[in-house]
file query.cif (mmCIF, C-alpha atoms and all ligand atoms)
data_input
loop_
_atom_site.label_atom_id
_atom_site.label_comp_id
_atom_site.auth_asym_id
_atom_site.auth_seq_id
_atom_site.Cartn_x
_atom_site.Cartn_y
_atom_site.Cartn_z
CA MET S 524 68.39 -24.63 -14.50
CA SER S 525 66.37 -25.12 -17.64
CA LEU S 526 65.16 -28.67 -17.31
CA SER S 527 64.79 -29.31 -21.00
CA ALA S 528 68.04 -27.81 -22.09
CA CYS S 529 71.32 -29.54 -22.26
CA GLU S 530 74.33 -27.60 -21.15
CA SER S 531 73.72 -25.01 -23.82
CA PRO S 532 70.36 -23.35 -24.51
CA LEU S 533 71.38 -23.20 -28.16
CA HIS S 534 69.88 -26.64 -28.59
CA PHE S 535 66.43 -25.12 -28.26
CA VAL S 536 65.51 -22.71 -30.97
CA PRO S 537 62.67 -20.45 -29.83
CA ALA S 538 59.66 -20.95 -32.06
CA SER S 539 59.44 -17.24 -32.65
CA ALA S 540 62.87 -17.14 -34.18
CA PRO S 541 63.89 -20.55 -35.44
CA ASP S 542 67.29 -20.51 -36.92
CA ALA S 543 68.97 -23.61 -38.21
CA SER S 544 72.36 -22.05 -37.67
CA MET S 545 71.67 -22.15 -33.94
CA LEU S 546 71.14 -25.89 -34.14
CA THR S 547 74.18 -26.52 -36.22
CA HIS S 548 76.05 -24.16 -33.93
CA CYS S 549 75.96 -26.86 -31.25
CA ALA S 550 79.55 -27.88 -31.16
CA ASP S 551 78.73 -31.08 -29.34
CA HIS S 552 75.63 -31.91 -31.45
CA ARG S 553 73.50 -32.48 -28.40
CA PHE S 554 69.78 -32.37 -27.74
CA ARG S 555 69.00 -33.67 -24.32
CA VAL S 556 66.07 -33.57 -21.95
CA HIS S 557 66.28 -33.76 -18.21
CA THR S 558 64.63 -36.64 -16.32
CA ARG S 559 62.73 -34.22 -14.12
CA ALA S 560 60.83 -32.90 -17.12
CA TYR S 561 58.91 -36.20 -16.98
CA THR S 562 58.84 -36.86 -13.26
CA ASP S 563 58.83 -33.68 -11.19
CA PRO S 564 55.44 -32.73 -9.68
CA GLY S 565 56.48 -29.05 -9.75
CA VAL S 566 57.22 -29.26 -13.46
CA PHE S 567 53.88 -31.00 -13.99
CA ALA S 568 52.03 -28.23 -12.13
CA ASP S 569 53.87 -25.66 -14.24
CA GLU S 570 52.91 -27.49 -17.43
CA MET S 571 49.24 -27.30 -16.52
CA LYS S 572 49.54 -23.51 -16.32
CA LYS S 573 52.15 -22.69 -18.91
CA VAL S 574 51.46 -25.33 -21.57
CA PHE S 575 47.84 -26.45 -21.17
CA GLY S 576 46.76 -22.99 -19.99
CA ARG S 577 48.46 -21.11 -22.82
CA THR S 578 48.18 -22.94 -26.09
CA TRP S 579 45.44 -24.52 -28.22
CA ILE S 580 44.08 -27.78 -26.85
CA TYR S 581 42.11 -30.25 -28.97
CA VAL S 582 38.79 -30.94 -27.23
CA GLY S 583 36.64 -32.80 -29.75
CA HIS S 584 35.31 -33.07 -33.27
CA ASP S 585 32.25 -31.28 -34.59
CA SER S 586 30.70 -34.57 -35.76
CA GLU S 587 30.34 -35.36 -32.04
CA VAL S 588 28.05 -32.34 -31.59
CA PRO S 589 26.23 -32.09 -34.94
CA ALA S 590 22.84 -30.76 -33.75
CA VAL S 591 21.68 -27.87 -31.59
CA GLY S 592 21.78 -28.96 -27.93
CA ASP S 593 24.42 -31.65 -28.52
CA PHE S 594 27.22 -31.76 -25.99
CA LYS S 595 30.42 -33.62 -25.29
CA THR S 596 32.60 -33.53 -22.20
CA SER S 597 36.36 -33.25 -22.48
CA HIS S 598 39.40 -31.78 -20.71
CA VAL S 599 41.84 -28.94 -21.12
CA GLY S 600 44.75 -30.19 -19.08
CA MET S 601 43.32 -31.11 -15.68
CA GLN S 602 40.28 -28.93 -16.18
CA PRO S 603 37.02 -30.67 -17.15
CA VAL S 604 35.17 -28.84 -19.94
CA VAL S 605 31.91 -29.28 -21.80
CA ILE S 606 31.47 -28.52 -25.49
CA THR S 607 27.96 -27.51 -26.55
CA ARG S 608 26.25 -26.70 -29.82
CA GLY S 609 24.16 -23.67 -28.84
CA ALA S 610 20.82 -22.55 -30.24
CA ASP S 611 22.72 -20.22 -32.61
CA ASP S 612 24.54 -23.31 -33.95
CA ALA S 613 27.83 -22.01 -32.55
CA ILE S 614 30.21 -24.26 -30.66
CA ASN S 615 30.92 -23.20 -27.08
CA VAL S 616 33.41 -24.59 -24.63
CA PHE S 617 32.82 -24.06 -20.91
CA VAL S 618 34.61 -25.12 -17.77
CA ASN S 619 32.47 -28.00 -16.57
CA ARG S 620 32.27 -26.74 -13.00
CA CYS S 621 29.26 -25.40 -11.20
CA VAL S 622 29.71 -21.80 -10.11
CA HIS S 623 28.05 -22.65 -6.80
CA ARG S 624 30.40 -25.07 -5.08
CA GLY S 625 32.28 -26.55 -7.95
CA ALA S 626 30.65 -29.87 -8.83
CA VAL S 627 31.02 -31.16 -12.38
CA VAL S 628 27.74 -30.10 -13.99
CA CYS S 629 27.63 -32.40 -17.01
CA ARG S 630 28.63 -35.98 -16.25
CA GLU S 631 27.77 -37.69 -19.55
CA ALA S 632 30.38 -38.29 -22.24
CA ARG S 633 28.04 -37.19 -25.05
CA GLY S 634 24.37 -36.40 -25.53
CA ASN S 635 21.74 -33.78 -26.25
CA ALA S 636 20.24 -31.42 -23.67
CA GLN S 637 18.18 -28.28 -23.46
CA GLU S 638 19.78 -27.38 -20.17
CA PHE S 639 22.17 -28.74 -17.59
CA ALA S 640 21.12 -29.26 -13.98
CA CYS S 641 23.95 -29.48 -11.46
CA PRO S 642 23.58 -32.80 -9.66
CA TYR S 643 24.63 -31.34 -6.29
CA HIS S 644 22.06 -28.61 -5.45
CA GLY S 645 20.22 -28.30 -8.72
CA TRP S 646 21.37 -24.99 -10.22
CA ILE S 647 20.42 -24.91 -13.89
CA TYR S 648 22.42 -23.71 -16.88
CA GLY S 649 21.51 -23.26 -20.54
CA THR S 650 23.54 -24.78 -23.37
CA ASP S 651 24.87 -21.25 -23.81
CA GLY S 652 26.37 -21.59 -20.30
CA LYS S 653 24.07 -18.98 -18.75
CA LEU S 654 22.83 -19.61 -15.22
CA ILE S 655 19.07 -19.94 -15.68
CA ALA S 656 17.92 -20.81 -12.18
CA VAL S 657 19.16 -21.05 -8.62
CA SER S 658 17.15 -23.75 -6.91
CA GLU S 659 15.12 -22.80 -3.80
CA ARG S 660 16.45 -19.30 -4.15
CA ARG S 661 13.89 -17.64 -1.87
CA GLU S 662 13.19 -20.54 0.51
CA PRO S 663 13.95 -19.94 4.19
CA GLY S 664 17.69 -19.65 4.56
CA GLY S 665 17.96 -18.85 0.83
CA TYR S 666 19.67 -16.01 -0.98
CA SER S 667 19.01 -12.34 -0.32
CA PRO S 668 17.38 -10.24 -3.04
CA ASP S 669 20.80 -8.62 -3.46
CA PHE S 670 22.50 -11.92 -4.15
CA ASP S 671 25.03 -11.30 -6.89
CA ALA S 672 24.65 -14.51 -8.91
CA PRO S 673 27.40 -15.23 -11.43
CA GLU S 674 26.39 -15.08 -15.09
CA GLY S 675 27.06 -18.73 -15.69
CA LEU S 676 29.71 -21.28 -16.55
CA PHE S 677 33.20 -20.00 -17.31
CA ARG S 678 33.50 -19.70 -21.08
CA LEU S 679 36.89 -20.42 -22.63
CA PRO S 680 37.86 -17.21 -24.40
CA ARG S 681 39.06 -18.83 -27.62
CA VAL S 682 37.38 -21.63 -29.56
CA GLU S 683 38.22 -22.30 -33.20
CA THR S 684 37.79 -25.24 -35.53
CA TYR S 685 39.80 -26.51 -38.44
CA ARG S 686 37.93 -28.91 -40.74
CA GLY S 687 35.79 -30.06 -37.83
CA PHE S 688 38.59 -30.37 -35.26
CA ILE S 689 37.59 -28.24 -32.25
CA PHE S 690 40.33 -26.51 -30.30
CA ALA S 691 39.93 -24.31 -27.24
CA SER S 692 42.29 -22.14 -25.25
CA PHE S 693 42.30 -20.34 -21.94
CA ASN S 694 44.67 -17.83 -23.53
CA PRO S 695 42.86 -14.94 -25.25
CA ASP S 696 46.09 -14.05 -27.05
CA VAL S 697 46.87 -17.48 -28.50
CA PRO S 698 47.72 -17.22 -32.24
CA ALA S 699 45.01 -17.95 -34.82
CA LEU S 700 44.41 -21.70 -35.01
CA THR S 701 45.44 -22.00 -38.67
CA ASP S 702 48.75 -20.28 -37.88
CA PHE S 703 49.26 -22.53 -34.88
CA LEU S 704 48.61 -25.71 -36.90
CA GLY S 705 51.01 -24.69 -39.69
CA HIS S 706 52.33 -27.68 -41.61
CA ALA S 707 50.19 -30.02 -39.47
CA LYS S 708 47.25 -28.77 -41.53
CA THR S 709 48.51 -30.80 -44.49
CA VAL S 710 48.27 -33.99 -42.43
CA ILE S 711 44.69 -33.15 -41.44
CA ASP S 712 43.85 -32.16 -45.02
CA ARG S 713 45.22 -35.32 -46.56
CA LYS S 714 43.55 -37.58 -44.04
CA LEU S 715 40.20 -35.89 -44.56
CA ASN S 716 40.60 -35.75 -48.34
CA LEU S 717 40.49 -39.55 -48.37
CA SER S 718 36.78 -38.89 -47.89
CA PRO S 719 35.01 -37.93 -51.13
CA THR S 720 33.19 -35.18 -49.20
CA GLY S 721 36.27 -34.14 -47.24
CA ARG S 722 34.55 -34.97 -43.96
CA ILE S 723 34.94 -37.56 -41.27
CA VAL S 724 32.46 -38.83 -38.70
CA LEU S 725 33.28 -40.07 -35.22
CA ARG S 726 30.71 -42.76 -34.74
CA SER S 727 32.46 -45.48 -32.75
CA ARG S 728 33.01 -45.17 -29.05
CA PRO S 729 36.61 -44.42 -28.13
CA PHE S 730 38.94 -47.01 -26.70
CA VAL S 731 40.22 -45.44 -23.47
CA VAL S 732 43.25 -46.63 -21.56
CA ARG S 733 45.34 -45.22 -18.72
CA TYR S 734 49.03 -45.81 -18.34
CA GLN S 735 51.46 -45.17 -15.52
CA GLY S 736 53.65 -42.69 -17.28
CA ASN S 737 54.03 -39.07 -18.30
CA TRP S 738 51.80 -37.56 -21.01
CA LYS S 739 54.78 -36.58 -23.15
CA PHE S 740 55.65 -40.24 -23.79
CA GLN S 741 52.45 -40.60 -25.81
CA ALA S 742 52.97 -37.27 -27.57
CA GLU S 743 56.49 -38.35 -28.56
CA ASN S 744 55.62 -41.91 -29.44
CA ILE S 745 52.81 -41.44 -31.95
CA VAL S 746 55.36 -40.01 -34.40
CA ASP S 747 58.25 -42.28 -33.43
CA ALA S 748 59.08 -44.37 -36.48
CA TYR S 749 62.20 -45.59 -34.70
CA HIS S 750 60.47 -47.73 -32.07
CA PHE S 751 58.17 -49.75 -34.27
CA LEU S 752 60.36 -52.73 -35.17
CA HIS S 753 61.49 -53.08 -31.56
CA THR S 754 58.54 -52.25 -29.30
CA HIS S 755 56.17 -54.12 -31.63
CA LYS S 756 58.50 -57.01 -32.40
CA GLY S 757 55.80 -59.61 -31.76
CA PHE S 758 53.43 -57.92 -34.20
CA VAL S 759 56.18 -57.52 -36.78
CA GLN S 760 56.91 -61.23 -36.61
CA LEU S 761 53.21 -62.02 -36.92
CA GLN S 762 52.90 -59.78 -39.97
CA ALA S 763 55.98 -61.36 -41.50
CA LYS S 764 54.43 -64.79 -41.07
CA PHE S 765 50.82 -64.09 -42.02
CA GLY S 766 50.96 -60.74 -43.85
CA ASP S 767 47.62 -59.14 -44.57
CA SER S 768 45.79 -62.32 -43.62
CA THR S 769 45.85 -60.80 -40.11
CA GLY S 770 43.25 -58.39 -41.52
CA ASP S 771 45.67 -55.52 -41.59
CA PHE S 772 43.91 -53.68 -44.43
CA GLY S 773 47.02 -51.68 -45.14
CA VAL S 774 47.29 -50.15 -41.66
CA HIS S 775 50.61 -51.88 -41.23
CA LYS S 776 51.85 -53.53 -44.37
CA GLY S 777 52.87 -57.13 -43.92
CA GLY S 778 55.62 -58.92 -45.76
CA SER S 779 59.16 -59.71 -44.75
CA ILE S 780 60.82 -57.99 -41.82
CA LYS S 781 63.19 -56.48 -44.39
CA ALA S 782 60.24 -54.98 -46.29
CA MET S 783 58.75 -53.58 -43.09
CA ARG S 784 62.09 -52.10 -42.12
CA LYS S 785 62.30 -50.42 -45.53
CA LEU S 786 58.88 -48.88 -44.97
CA ARG S 787 59.93 -47.44 -41.63
CA PHE S 788 62.97 -45.80 -43.15
CA ALA S 789 61.15 -43.98 -45.94
CA GLY S 790 59.51 -40.58 -46.20
CA SER S 791 60.18 -37.50 -44.08
CA THR S 792 59.96 -36.39 -40.48
CA TRP S 793 59.13 -32.85 -39.41
CA ASN S 794 59.89 -30.70 -36.41
CA CYS S 795 57.31 -27.94 -36.76
CA GLN S 796 56.78 -24.59 -35.13
CA TYR S 797 54.46 -24.67 -32.11
CA GLY S 798 55.50 -28.22 -31.24
CA HIS S 799 54.00 -30.42 -33.94
CA GLY S 800 55.87 -33.54 -35.02
CA ILE S 801 55.01 -35.15 -38.34
CA LEU S 802 55.76 -38.31 -40.31
CA GLU S 803 54.85 -38.38 -43.98
CA ASN S 804 55.43 -40.80 -46.79
CA PRO S 805 53.52 -40.76 -50.08
CA ALA S 806 52.22 -44.04 -51.48
CA GLY S 807 54.47 -45.62 -54.08
CA ASP S 808 52.52 -48.11 -56.14
CA MET S 809 49.43 -46.17 -57.18
CA ASP S 810 48.43 -48.81 -59.76
CA GLY S 811 47.71 -51.15 -56.87
CA TYR S 812 45.27 -48.63 -55.44
CA LEU S 813 43.70 -47.53 -58.72
CA ASN S 814 43.11 -51.06 -59.98
CA GLY S 815 42.52 -52.84 -56.70
CA GLU S 816 39.40 -53.71 -54.75
CA PHE S 817 38.58 -50.04 -54.20
CA GLY S 818 39.79 -48.87 -57.62
CA ASP S 819 36.65 -46.84 -58.39
CA PHE S 820 36.97 -45.05 -55.06
CA TYR S 821 40.61 -44.14 -55.65
CA GLN S 822 39.96 -43.15 -59.26
CA SER S 823 37.28 -40.69 -58.24
CA LEU S 824 39.66 -39.24 -55.62
CA GLN S 825 42.31 -38.94 -58.34
CA ALA S 826 39.85 -37.01 -60.50
CA GLN S 827 39.16 -34.73 -57.54
CA HIS S 828 42.73 -34.09 -56.35
CA GLY S 829 45.11 -35.12 -59.15
CA ALA S 830 47.55 -38.00 -59.28
CA ASP S 831 50.37 -36.38 -57.29
CA GLU S 832 48.18 -35.36 -54.40
CA LEU S 833 46.42 -38.73 -54.37
CA ALA S 834 49.79 -40.37 -53.64
CA TRP S 835 49.99 -38.23 -50.49
CA ILE S 836 46.37 -38.83 -49.57
CA ALA S 837 46.73 -42.60 -49.95
CA GLY S 838 50.16 -42.61 -48.29
CA LYS S 839 51.16 -42.63 -44.66
CA GLY S 840 50.83 -39.55 -42.53
CA ALA S 841 50.94 -39.15 -38.79
CA ALA S 842 51.05 -36.09 -36.59
CA SER S 843 51.54 -35.26 -32.94
CA ILE S 844 49.77 -31.93 -32.71
CA PHE S 845 51.11 -30.24 -29.61
CA PRO S 846 50.28 -30.93 -26.90
CA ASN S 847 47.42 -33.47 -26.88
CA LEU S 848 46.24 -34.56 -30.35
CA GLY S 849 47.51 -37.42 -32.47
CA LEU S 850 46.53 -38.45 -35.97
CA ILE S 851 47.57 -41.81 -37.27
CA HIS S 852 45.95 -44.15 -39.77
CA GLN S 853 42.18 -43.66 -39.55
CA GLN S 854 41.95 -42.51 -35.95
CA ILE S 855 42.03 -39.43 -33.79
CA ARG S 856 43.95 -39.96 -30.60
CA THR S 857 43.97 -37.62 -27.67
CA TRP S 858 45.63 -37.84 -24.29
CA ARG S 859 45.25 -35.99 -21.06
CA PRO S 860 47.62 -35.61 -18.16
CA ILE S 861 46.36 -36.77 -14.78
CA ALA S 862 49.60 -36.79 -12.77
CA PRO S 863 53.31 -36.72 -13.66
CA ASP S 864 53.13 -40.51 -13.94
CA MET S 865 49.51 -41.03 -15.05
CA THR S 866 47.96 -40.33 -18.45
CA GLU S 867 44.68 -41.23 -20.09
CA VAL S 868 44.58 -41.94 -23.82
CA ALA S 869 41.43 -42.06 -25.93
CA ILE S 870 41.47 -43.53 -29.43
CA TYR S 871 38.60 -42.57 -31.73
CA PRO S 872 38.43 -44.48 -35.01
CA TYR S 873 36.60 -42.38 -37.57
CA GLU S 874 34.62 -43.05 -40.73
CA LEU S 875 35.25 -41.34 -44.03
CA GLU S 876 31.99 -39.77 -45.12
CA GLY S 877 31.04 -41.01 -48.58
CA ALA S 878 33.66 -43.81 -48.73
CA PRO S 879 32.49 -47.36 -49.54
CA ALA S 880 31.04 -49.05 -46.46
CA ALA S 881 33.44 -51.97 -46.92
CA PHE S 882 36.38 -49.56 -46.86
CA ASN S 883 35.28 -47.98 -43.57
CA GLU S 884 34.48 -51.39 -42.13
CA GLY S 885 37.87 -52.79 -43.14
CA MET S 886 39.67 -49.81 -41.64
CA LEU S 887 37.74 -50.07 -38.38
CA ARG S 888 38.50 -53.79 -38.05
CA SER S 889 42.18 -53.21 -38.78
CA GLN S 890 42.31 -50.38 -36.22
CA GLU S 891 40.86 -52.79 -33.67
CA ARG S 892 43.48 -55.40 -34.49
CA PHE S 893 46.36 -53.09 -33.74
CA TYR S 894 44.91 -50.46 -31.40
CA GLY S 895 41.82 -52.04 -29.81
CA PRO S 896 41.56 -53.55 -26.32
CA ALA S 897 42.85 -56.88 -27.61
CA GLY S 898 45.03 -55.33 -30.29
CA HIS S 899 48.65 -56.10 -30.97
CA GLY S 900 50.05 -52.60 -30.73
CA ALA S 901 48.47 -50.33 -28.13
CA ALA S 902 49.36 -52.69 -25.28
CA ASP S 903 53.02 -52.72 -26.36
CA ASP S 904 53.12 -48.95 -26.29
CA VAL S 905 51.49 -48.35 -22.91
CA ASP S 906 53.72 -51.05 -21.45
CA ILE S 907 56.79 -49.27 -22.75
CA PHE S 908 55.52 -45.90 -21.41
CA ALA S 909 55.24 -47.43 -17.93
CA ARG S 910 58.73 -48.92 -18.25
CA ASN S 911 60.00 -45.57 -19.41
CA GLN S 912 58.60 -43.93 -16.27
CA GLN S 913 60.08 -46.69 -14.11
CA GLY S 914 63.47 -46.15 -15.71
CA LEU S 915 63.33 -42.47 -14.80
CA ALA S 916 62.58 -43.16 -11.13
CA GLY S 917 66.19 -42.87 -10.01
CA ASP S 918 68.40 -39.85 -10.44
CA ALA S 919 71.74 -41.53 -11.02
CA VAL S 920 71.48 -40.69 -14.72
CA GLU S 921 70.01 -37.26 -15.43
CA TRP S 922 69.64 -36.78 -19.18
CA LEU S 923 67.72 -38.43 -22.03
CA ILE S 924 69.13 -38.27 -25.54
CA LEU S 925 67.03 -36.99 -28.45
CA GLU S 926 69.75 -36.46 -31.01
CA ARG S 927 68.87 -38.99 -33.69
CA GLY S 928 69.07 -37.27 -37.07
CA LEU S 929 69.90 -33.91 -35.48
CA ASP S 930 72.68 -33.14 -37.92
CA THR S 931 70.57 -33.93 -40.96
CA ASP S 932 67.53 -31.77 -40.10
CA VAL S 933 67.10 -28.99 -42.64
CA ALA S 934 65.32 -25.71 -41.91
CA GLU S 935 62.31 -24.91 -44.08
CA GLY S 936 60.79 -21.65 -42.95
CA GLN S 937 59.81 -22.06 -39.31
CA ASP S 938 60.06 -25.86 -39.50
CA PHE S 939 62.77 -28.46 -39.83
CA ARG S 940 62.54 -31.44 -42.16
CA GLY S 941 64.30 -34.59 -41.06
CA LEU S 942 65.23 -37.96 -42.50
CA PRO S 943 62.75 -40.86 -42.03
CA ALA S 944 63.52 -42.19 -38.58
CA SER S 945 64.99 -38.99 -37.18
CA GLU S 946 63.88 -37.75 -33.77
CA ALA S 947 62.95 -34.43 -35.38
CA PRO S 948 59.25 -34.87 -34.41
CA GLN S 949 60.19 -35.41 -30.76
CA ARG S 950 62.44 -32.35 -30.82
CA ALA S 951 59.45 -30.33 -32.04
CA LEU S 952 57.64 -31.07 -28.79
CA TRP S 953 60.61 -30.02 -26.69
CA ARG S 954 61.25 -26.89 -28.71
CA GLU S 955 57.72 -25.62 -27.99
CA TRP S 956 57.65 -27.00 -24.46
CA ASN S 957 60.82 -25.14 -23.68
CA ARG S 958 59.48 -21.92 -25.21
CA LEU S 959 56.23 -22.04 -23.23
CA MET S 960 57.82 -23.19 -19.99
CA SER S 961 60.51 -20.52 -20.15
CA VAL S 962 58.09 -17.59 -20.27
S1 LIG S 1001 27.62 -27.31 -6.57
FE1 LIG S 1001 26.26 -27.10 -8.22
S2 LIG S 1001 24.40 -26.51 -7.35
FE2 LIG S 1001 25.74 -26.68 -5.66
FE FE S 1002 53.93 -48.07 -31.05
#

call {"tool": "encode", "arguments": {"input": "query.cif", "output": "structure tokens"}}
result
Amino acid sequence: MSLSACESPLHFVPASAPDASMLTHCADHRFRVHTRAYTDPGVFADEMKKVFGRTWIYVGHDSEVPAVGDFKTSHVGMQPVVITRGADDAINVFVNRCVHRGAVVCREARGNAQEFACPYHGWIYGTDGKLIAVSERREPGGYSPDFDAPEGLFRLPRVETYRGFIFASFNPDVPALTDFLGHAKTVIDRKLNLSPTGRIVLRSRPFVVRYQGNWKFQAENIVDAYHFLHTHKGFVQLQAKFGDSTGDFGVHKGGSIKAMRKLRFAGSTWNCQYGHGILENPAGDMDGYLNGEFGDFYQSLQAQHGADELAWIAGKGAASIFPNLGLIHQQIRTWRPIAPDMTEVAIYPYELEGAPAAFNEGMLRSQERFYGPAGHGAADDVDIFARNQQGLAGDAVEWLILERGLDTDVAEGQDFRGLPASEAPQRALWREWNRLMSV
């Protein structure tokens, strides 16, 4: 049984050969996912190998390791990794596991080092991963002169960056990163082009939270325009009452509930090849931007990119980049699976290099208000993820329904464009998940 498929595999178009006619061929217009895809420990173990072991995984941003010797620890699926900026200025990603008896070598989140000493028995590695020294090698009871010492930390065979976003893969044959990102590149481009230099800096510490639910809930939710008015009802009512006086700074526009509803049902959704789901909606009233508090800033961006593109840059864009990276507002979000029903999410607000300090400050404060530890929004979401997992605990009902907007998705090359609150972005995840899990 294919756990993601409904009764007919035609609901899942392989990414290598997407064909809209196969979707429309579904006589019953169904797109359903089996409960066990979120709950089964066997499926979870398979995902670690077939999804997290095979595709590109976001591990960090190059502004976190700007100088030679800088490092950052991260994960690829369950596997701890360490990213280093080597003496040759290249970015390396290693499995953060001592070749001796397996202890995590680097325990800090971020820092600068000339070498790494394993805390267990003191074996030493360079920032290029090479094993430099075996402690007490020749002491009594030590290693023979013929001891065949490993070369060093396990190096992930593929590491590529796109505009500072560092991705790594255990799969030497994974497609080129730019091909993999596809249409998701436009979301990254537009978010970064809000910076006059085209660069962002991750300066703030991330807000990290764990929830009792499957990792795919977060991947689906960050591009789920449908849930906002319901899951975040309390926030919506607050915004309706106080508008931007809540310090929203345009992250979530205030106004009447009717106006907020209109905003949610505007723009496009995308189901993209390789599993990326996208929401995009260009800004409407550009005069407000060009003549507002940050008018000079927007005018110089207009001179740089043109009026049409500025509307996209200033507009709303969000992406769930399969399987573990989210972009929304002015933040990078990443999540890592811990168990079928346990996930850790890290939210990194970023600064736009070269933007007015007040703009970055305002954005950071508004991120905190919705996504921070005491924010209105993040708590709603993780609560709903846990409820979602609870709801899937029984097996009386087997299938989940992801058919919203299915009949109105339109194929564009390898992707499908959907109407504003379609579940096209969620179907993107399952299309790629099904492809990887079926091989
Ligand atoms: S486990 Fe690292 S030195 Fe022993
Ligand atoms: Fe939400």

call {"tool": "residues_near_ligand", "arguments": {"input": "query.cif", "ligand": "ligand LIG 1001 (chain S)", "cutoff": "7 Å", "atoms": "all atoms listed in the file", "output": "number ranges by chain"}}
result
S: 621-626, 628, 641-646

call {"tool": "residues_around", "arguments": {"input": "query.cif", "residues": "Glu674 in chain S", "least_positions_apart": "2", "cutoff": "10 Å", "atoms": "all atoms listed in the file", "output": "PyMOL selection string"}}
result
chain S and resi 622+648+652-655+671-672+676-677

call {"tool": "atom_distance", "arguments": {"input": "query.cif", "atom1": "CA of Ala841 in chain S", "atom2": "CA of Leu802 in chain S"}}
result
5.1 Å

call {"tool": "residues_near_ligand", "arguments": {"input": "query.cif", "ligand": "ligand FE 1002 (chain S)", "cutoff": "7 Å", "atoms": "only C-alpha atoms and all ligand atoms", "output": "list of chain:residue names"}}
result
S:Asn744, S:Ile745, S:His750, S:Phe751, S:Thr754, S:His755, S:Gly900, S:Ala901, S:Asp903, S:Asp904

call {"tool": "residues_around", "arguments": {"input": "query.cif", "residues": "range 701-707 of chain S", "least_positions_apart": "2", "cutoff": "12 Å", "atoms": "all atoms listed in the file", "output": "ChimeraX atom specification"}}
result
/S:538-539,578-581,683-686,688-690,692,696-699,709-714,792-803,840-846,848-850,935-940,948,951,955

call {"tool": "write_last_selection", "arguments": {"input": "query.cif", "atoms": "C-alpha atoms", "output": "mmCIF file, keeping the file's coordinate frame"}}
result
data_model
loop_
_atom_site.group_PDB
_atom_site.id
_atom_site.type_symbol
_atom_site.label_atom_id
_atom_site.label_comp_id
_atom_site.auth_asym_id
_atom_site.auth_seq_id
_atom_site.Cartn_x
_atom_site.Cartn_y
_atom_site.Cartn_z
ATOM 1 C CA ALA S 538 59.660 -20.950 -32.060
ATOM 2 C CA SER S 539 59.440 -17.240 -32.650
ATOM 3 C CA THR S 578 48.180 -22.940 -26.090
ATOM 4 C CA TRP S 579 45.440 -24.520 -28.220
ATOM 5 C CA ILE S 580 44.080 -27.780 -26.850
ATOM 6 C CA TYR S 581 42.110 -30.250 -28.970
ATOM 7 C CA GLU S 683 38.220 -22.300 -33.200
ATOM 8 C CA THR S 684 37.790 -25.240 -35.530
ATOM 9 C CA TYR S 685 39.800 -26.510 -38.440
ATOM 10 C CA ARG S 686 37.930 -28.910 -40.740
ATOM 11 C CA PHE S 688 38.590 -30.370 -35.260
ATOM 12 C CA ILE S 689 37.590 -28.240 -32.250
ATOM 13 C CA PHE S 690 40.330 -26.510 -30.300
ATOM 14 C CA SER S 692 42.290 -22.140 -25.250
ATOM 15 C CA ASP S 696 46.090 -14.050 -27.050
ATOM 16 C CA VAL S 697 46.870 -17.480 -28.500
ATOM 17 C CA PRO S 698 47.720 -17.220 -32.240
ATOM 18 C CA ALA S 699 45.010 -17.950 -34.820
ATOM 19 C CA THR S 709 48.510 -30.800 -44.490
ATOM 20 C CA VAL S 710 48.270 -33.990 -42.430
ATOM 21 C CA ILE S 711 44.690 -33.150 -41.440
ATOM 22 C CA ASP S 712 43.850 -32.160 -45.020
ATOM 23 C CA ARG S 713 45.220 -35.320 -46.560
ATOM 24 C CA LYS S 714 43.550 -37.580 -44.040
ATOM 25 C CA THR S 792 59.960 -36.390 -40.480
ATOM 26 C CA TRP S 793 59.130 -32.850 -39.410
ATOM 27 C CA ASN S 794 59.890 -30.700 -36.410
ATOM 28 C CA CYS S 795 57.310 -27.940 -36.760
ATOM 29 C CA GLN S 796 56.780 -24.590 -35.130
ATOM 30 C CA TYR S 797 54.460 -24.670 -32.110
ATOM 31 C CA GLY S 798 55.500 -28.220 -31.240
ATOM 32 C CA HIS S 799 54.000 -30.420 -33.940
ATOM 33 C CA GLY S 800 55.870 -33.540 -35.020
ATOM 34 C CA ILE S 801 55.010 -35.150 -38.340
ATOM 35 C CA LEU S 802 55.760 -38.310 -40.310
ATOM 36 C CA GLU S 803 54.850 -38.380 -43.980
ATOM 37 C CA GLY S 840 50.830 -39.550 -42.530
ATOM 38 C CA ALA S 841 50.940 -39.150 -38.790
ATOM 39 C CA ALA S 842 51.050 -36.090 -36.590
ATOM 40 C CA SER S 843 51.540 -35.260 -32.940
ATOM 41 C CA ILE S 844 49.770 -31.930 -32.710
ATOM 42 C CA PHE S 845 51.110 -30.240 -29.610
ATOM 43 C CA PRO S 846 50.280 -30.930 -26.900
ATOM 44 C CA LEU S 848 46.240 -34.560 -30.350
ATOM 45 C CA GLY S 849 47.510 -37.420 -32.470
ATOM 46 C CA LEU S 850 46.530 -38.450 -35.970
ATOM 47 C CA GLU S 935 62.310 -24.910 -44.080
ATOM 48 C CA GLY S 936 60.790 -21.650 -42.950
ATOM 49 C CA GLN S 937 59.810 -22.060 -39.310
ATOM 50 C CA ASP S 938 60.060 -25.860 -39.500
ATOM 51 C CA PHE S 939 62.770 -28.460 -39.830
ATOM 52 C CA ARG S 940 62.540 -31.440 -42.160
ATOM 53 C CA PRO S 948 59.250 -34.870 -34.410
ATOM 54 C CA ALA S 951 59.450 -30.330 -32.040
ATOM 55 C CA GLU S 955 57.720 -25.620 -27.990
#
